[in-house]
Amino acid sequence: MPDTPRPPNPDAFRAPTGTHDVLSPESSRWSGLIAAFARRAERFGYGLAITPVFEHLEVFRRVGAGTDVVRKEMYTFTDAGERELALRPEGTAPVVRAFVEHRPTPPWKAWYVAPHFRYERPQRGRYRQHHQLGVEAIGVDDPDLDVEVVDLAHGFFTDIGLSDVRLRLNSMGDEESRPAYRAALRSYLLDHADGLGGDFVERVEASPLRVLDSKRSDWREIIERAPQITEYLSDAAQNSFERVQRGLDALAIPYELDPRLVRGFDYYTGTTFEFTVEDLDAAQDAIGGGGRYDRLAEEMGGPAAPGIGFGIGIERLLLAADAQGVVGSRVQRPDAFVVDALGGLEAVRVVHELRSLGLRADRSYGGRSVKAQWRQADRSDARFGVMLGADEASRGAVAVKNLDTGDQTEVDRDEVAAWIETRLETPHDA
Ligand code: HAM
């Protein structure tokens with residue numbers, strides 16, 4: 001059958017549904033957040049980890065055969081070499097895969113900023129490509145590390161000026177606690193399934209724990225009376241969880257125990273937590289979350305290496321920041337704008353010199369009229385205009401205009417960069 005030509009896609013040259021371009025000045029908020037996170041993570045001993053944007057599908061199958069993210073939302077593809085691959089839907093599995101592959105000395109502490117991909121129904125705070133700031137600390141099982149990881153995230157929110165962030169804390173227990181709890185929960189839920197429909201039974205059969213974080217109002221009553229994981233913790237799991245709570249108390253980090261907090265991946269063991277804000281809709285109110293995953297490295301064929309980490313959604317963080325009026329744009333004014341009436345290479349040299357001294361300098365291009373260049377200088381919001389004119393050049397000078405006050409003076413050509421630098425109110429790297 002001959003191929004019928006496809007009609008042109010009117011949206012072909014728009015960002016795909018559920019994705020966004022982030023351009024200046026908005027992108028300057030992103031660079032500010034990333035820099036603040038990097039500073040904090042590095043203070044805590046975490047080094048940047050950059051892993052591929054796609055992995056073998058198997059890496060992600062490990063993290064949640066029973067979860068929506070893995071079952072329904074992954075962007076998977078087969079490459080020209082017949083490999084089954086997937087775009088990263090979450091950040092923990094790739095970092096654990098890198099740990100298993102390179103075996104760095106534990107504790108290995110890594111931070112990342114990366115795009116994540118999930119085929120979700122796009123809405124405010126829920127996208128098909130989102131970005132996370134995260135950390136993973138692998139190789140030690142010590143509740144003090146859990147406290148440190150929570151502290152890292154909590155202090156980051158404070159650093160950027162976000163307030164009223166709720167921390168919900170839970171424990172998924174250990175190998176000893178979980179099977180008994182899962183069995184008790186399953187039989188409780190099935191015993192109370194009357195009238196709740198096939199949907200409910202199907203969810204319980206797939207994963208009883210996952211029913212707990214359902215937002216379905218008709219299931220709420222059953223869920224509220226369900227047995228709680230914390231009643232099933234082994235002594236070891238209970239002691240460790242208490243130590244985490246005492247640690248958070250010691251650092252005056254407020255939290256609420258939430259035995260119904262169930263995170264969206266199968267790998268979680270022990271401490272789990274989520275940070276939520278009231279400024280976002282309930283279904284998308286988590287700006288970050290994480291927990292322990294003590295078996296994941298082994299499940300990937302690696303050594304026994306417990307781990308803990310979290311991911312913070314940058315887009316959601318910024319929505320919360322918008323609602324609270326924090327995390328402003330950081331686009332900075334140019335220091336100088338060069339207006340060129342000479343037409344030779346002098347403008348190329350002067351702009352180069354200004355920038356070499358660390359100043360933010362710009363110019364216009366394409367041989368525009370002097371009047372048009374001054375208009376552009378004004379629009380650029382530069383502090384100083386530097387005029388390269390024939391008269392001044394004959395005296396070995398340039399004219400410098402303070403664009404805020406309109407004052408103009410003549411400055412020695414070779415001194416101009418230093419002259420401007422000494423007149424800036426705020427030094428650059430402040
Ligand atoms: P997660 O809870 O799936 O955890 O994602 C972390 C954060 O990413 C969420 O709290 C949310 O802010 C943001 N996020 C998730 N999905 C979307 C989306 N579709 N659109 C916008 N933002 C989104 C993880 O991914 C785990 N890897 C976290 C972790 C690290 N656990 C241990 N270590």
# chains A, B, ... in the order shown; residues from 1 in each chain; ligands from 1
$ residues_around --residues "Arg225 of chain A" --least-positions-apart "3" --cutoff "12 Å" --atoms "only C-alpha atoms" --output "VMD selection string"
chain A and resid 185 188 to 189 192 212 219 to 222 228 259 to 260
$ residues_near_ligand --ligand "ligand 1" --cutoff "7 Å" --atoms "only C-alpha atoms and all ligand atoms" --output "VMD selection string"
chain A and resid 90 to 92 118 120 125 to 132 134 to 136 263 to 264 274 286 to 292 308 to 317
$ closest_atom_pairs --of "segment 292-335 of chain A" --to "segment 63-80 of chain A" --cutoff "12 Å" --atoms "only C-alpha atoms" --output "CSV"
residue,atom,partner,partner_atom,distance
A:Tyr293,CA,A:Val63,CA,9.7
A:Arg295,CA,A:Val63,CA,10.5
A:Leu296,CA,A:Val63,CA,7.8
A:Ala297,CA,A:Val63,CA,10.7
A:Glu299,CA,A:Val63,CA,9.3
A:Met300,CA,A:Val63,CA,9.9
$ write_last_selection --atoms "C-alpha atoms" --output "PDB file, in the first residue's frame"
ATOM      1  CA  TYR A 293      16.655   2.400  49.688  1.00  0.00           C
ATOM      2  CA  ARG A 295      18.481  -2.971  48.952  1.00  0.00           C
ATOM      3  CA  LEU A 296      18.683  -1.218  45.609  1.00  0.00           C
ATOM      4  CA  ALA A 297      22.439  -1.569  44.984  1.00  0.00           C
ATOM      5  CA  GLU A 299      19.214  -5.645  43.428  1.00  0.00           C
ATOM      6  CA  MET A 300      21.369  -4.186  40.669  1.00  0.00           C
TER       7      MET A 300
END
$ select_by_dssp --residues "segment 242-392 of chain A" --states "helix (DSSP H, G or I)" --output "number ranges by chain"
A: 242-250, 282-284, 296-299, 314-324, 346-356, 370-379, 390-392
$ residues_around --residues "segment 24-37 of chain A" --least-positions-apart "6" --cutoff "6 Å" --atoms "only C-alpha atoms" --output "list in words"
Ser329, Arg330 and Val331 of chain A
$ write_last_selection --atoms "N, CA, C and O atoms" --output "PDB file, in the first residue's frame"
ATOM      1  N   SER A 329      14.243  37.071  40.015  1.00  0.00           N
ATOM      2  CA  SER A 329      15.142  36.969  38.871  1.00  0.00           C
ATOM      3  C   SER A 329      16.495  37.579  39.248  1.00  0.00           C
ATOM      4  O   SER A 329      16.557  38.542  39.998  1.00  0.00           O
ATOM      5  N   ARG A 330      17.553  37.004  38.721  1.00  0.00           N
ATOM      6  CA  ARG A 330      18.882  37.505  39.060  1.00  0.00           C
ATOM      7  C   ARG A 330      19.581  38.138  37.866  1.00  0.00           C
ATOM      8  O   ARG A 330      20.790  38.298  37.869  1.00  0.00           O
ATOM      9  N   VAL A 331      18.811  38.468  36.841  1.00  0.00           N
ATOM     10  CA  VAL A 331      19.462  39.067  35.679  1.00  0.00           C
ATOM     11  C   VAL A 331      20.085  40.382  36.121  1.00  0.00           C
ATOM     12  O   VAL A 331      19.439  41.202  36.757  1.00  0.00           O
TER      13      VAL A 331
END
$ select_by_dssp --residues "segment 179-309 of chain A" --states "strand (DSSP E)" --output "tab-separated table (two decimals) with C-alpha atoms, in the first residue's frame"
chain	number	residue	atom	x	y	z
A	256	GLU	CA	4.93	15.48	61.39
A	257	LEU	CA	4.79	11.73	61.59
A	269	THR	CA	13.04	0.97	53.05
A	270	GLY	CA	13.23	2.69	56.45
A	271	THR	CA	12.99	6.47	56.63
A	272	THR	CA	10.83	8.17	54.02
A	273	PHE	CA	9.86	11.83	53.90
A	274	GLU	CA	8.15	14.45	51.80
A	275	PHE	CA	8.18	18.25	51.82
A	276	THR	CA	4.85	19.89	50.97
A	286	ALA	CA	5.09	17.92	47.17
A	287	ILE	CA	8.10	20.05	46.34
A	288	GLY	CA	10.45	17.25	47.27
A	289	GLY	CA	10.67	13.81	48.72
A	290	GLY	CA	12.99	10.94	49.38
A	291	GLY	CA	14.03	8.19	51.70
A	292	ARG	CA	16.18	5.13	52.27
A	307	GLY	CA	21.48	4.47	50.61
A	308	ILE	CA	19.33	7.52	51.19
A	309	GLY	CA	18.52	10.62	49.19
$ residues_around --residues "Asn402 of chain A" --least-positions-apart "5" --cutoff "9 Å" --atoms "only C-alpha atoms" --output "MDAnalysis selection string"
chainID A and resid 382:385 407:409
$ atom_distance --atom1 "atom CA of Ala226 of chain A" --atom2 "atom CA of Val211 of chain A"
10.3 Å
$ atom_distance --atom1 "atom CA of Arg43 of chain A" --atom2 "atom CA of Val95 of chain A"
19.9 Å
$ closest_residue --among "A:Phe337, A:Leu23, A:Ala12, A:Asp391" --to "Tyr365 of chain A" --atoms "only C-alpha atoms"
A:Phe337
$ residues_around --residues "Pro227 of chain A" --least-positions-apart "2" --cutoff "9 Å" --atoms "only C-alpha atoms" --output "list in words"
Tyr181, Ala184, Leu185, Tyr188, Ile223, Glu224, Arg225, Ile229, Thr230, Glu231 and Tyr232 of chain A
$ atom_distance --atom1 "atom CA of Glu205 of chain A" --atom2 "atom CA of Asp191 of chain A"
12.6 Å
$ closest_residue --among "A:Glu202, A:Asp335, A:Asp213, A:Asp266" --to "Glu421 of chain A" --atoms "only C-alpha atoms"
A:Asp335
$ residues_around --residues "Tyr46 of chain A" --least-positions-apart "2" --cutoff "7 Å" --atoms "only C-alpha atoms" --output "list in words"
Ala41, Glu42, Phe44, Leu48, Lys109, Ala110 and Trp111 of chain A
$ write_last_selection --atoms "C-alpha atoms" --output "PDB file, in the first residue's frame"
ATOM      1  CA  ALA A  41      25.391  20.187  48.927  1.00  0.00           C
ATOM      2  CA  GLU A  42      29.117  20.771  48.612  1.00  0.00           C
ATOM      3  CA  PHE A  44      27.763  18.778  53.238  1.00  0.00           C
ATOM      4  CA  LEU A  48      28.290  16.580  41.463  1.00  0.00           C
ATOM      5  CA  LYS A 109      27.762  11.362  48.473  1.00  0.00           C
ATOM      6  CA  ALA A 110      26.529  12.677  45.130  1.00  0.00           C
ATOM      7  CA  TRP A 111      24.311  15.615  44.170  1.00  0.00           C
TER       8      TRP A 111
END
$ residues_around --residues "Val277 of chain A" --least-positions-apart "5" --cutoff "12 Å" --atoms "only C-alpha atoms" --output "list in words"
Phe157, Leu162, Ser163, Asp164, Val165, Arg166, Leu167, Arg168, Ala282, Ala283, Gln284, Asp285, Ala286, Ile287, Gly288, Arg316, Leu317, Leu318, Leu319, Ala320, Ala321, Ala323 and Gln324 of chain A
$ closest_residue --among "A:Ile420, A:Ala38, A:Val339, A:Leu261" --to "Leu133 of chain A" --atoms "only C-alpha atoms"
A:Ala38
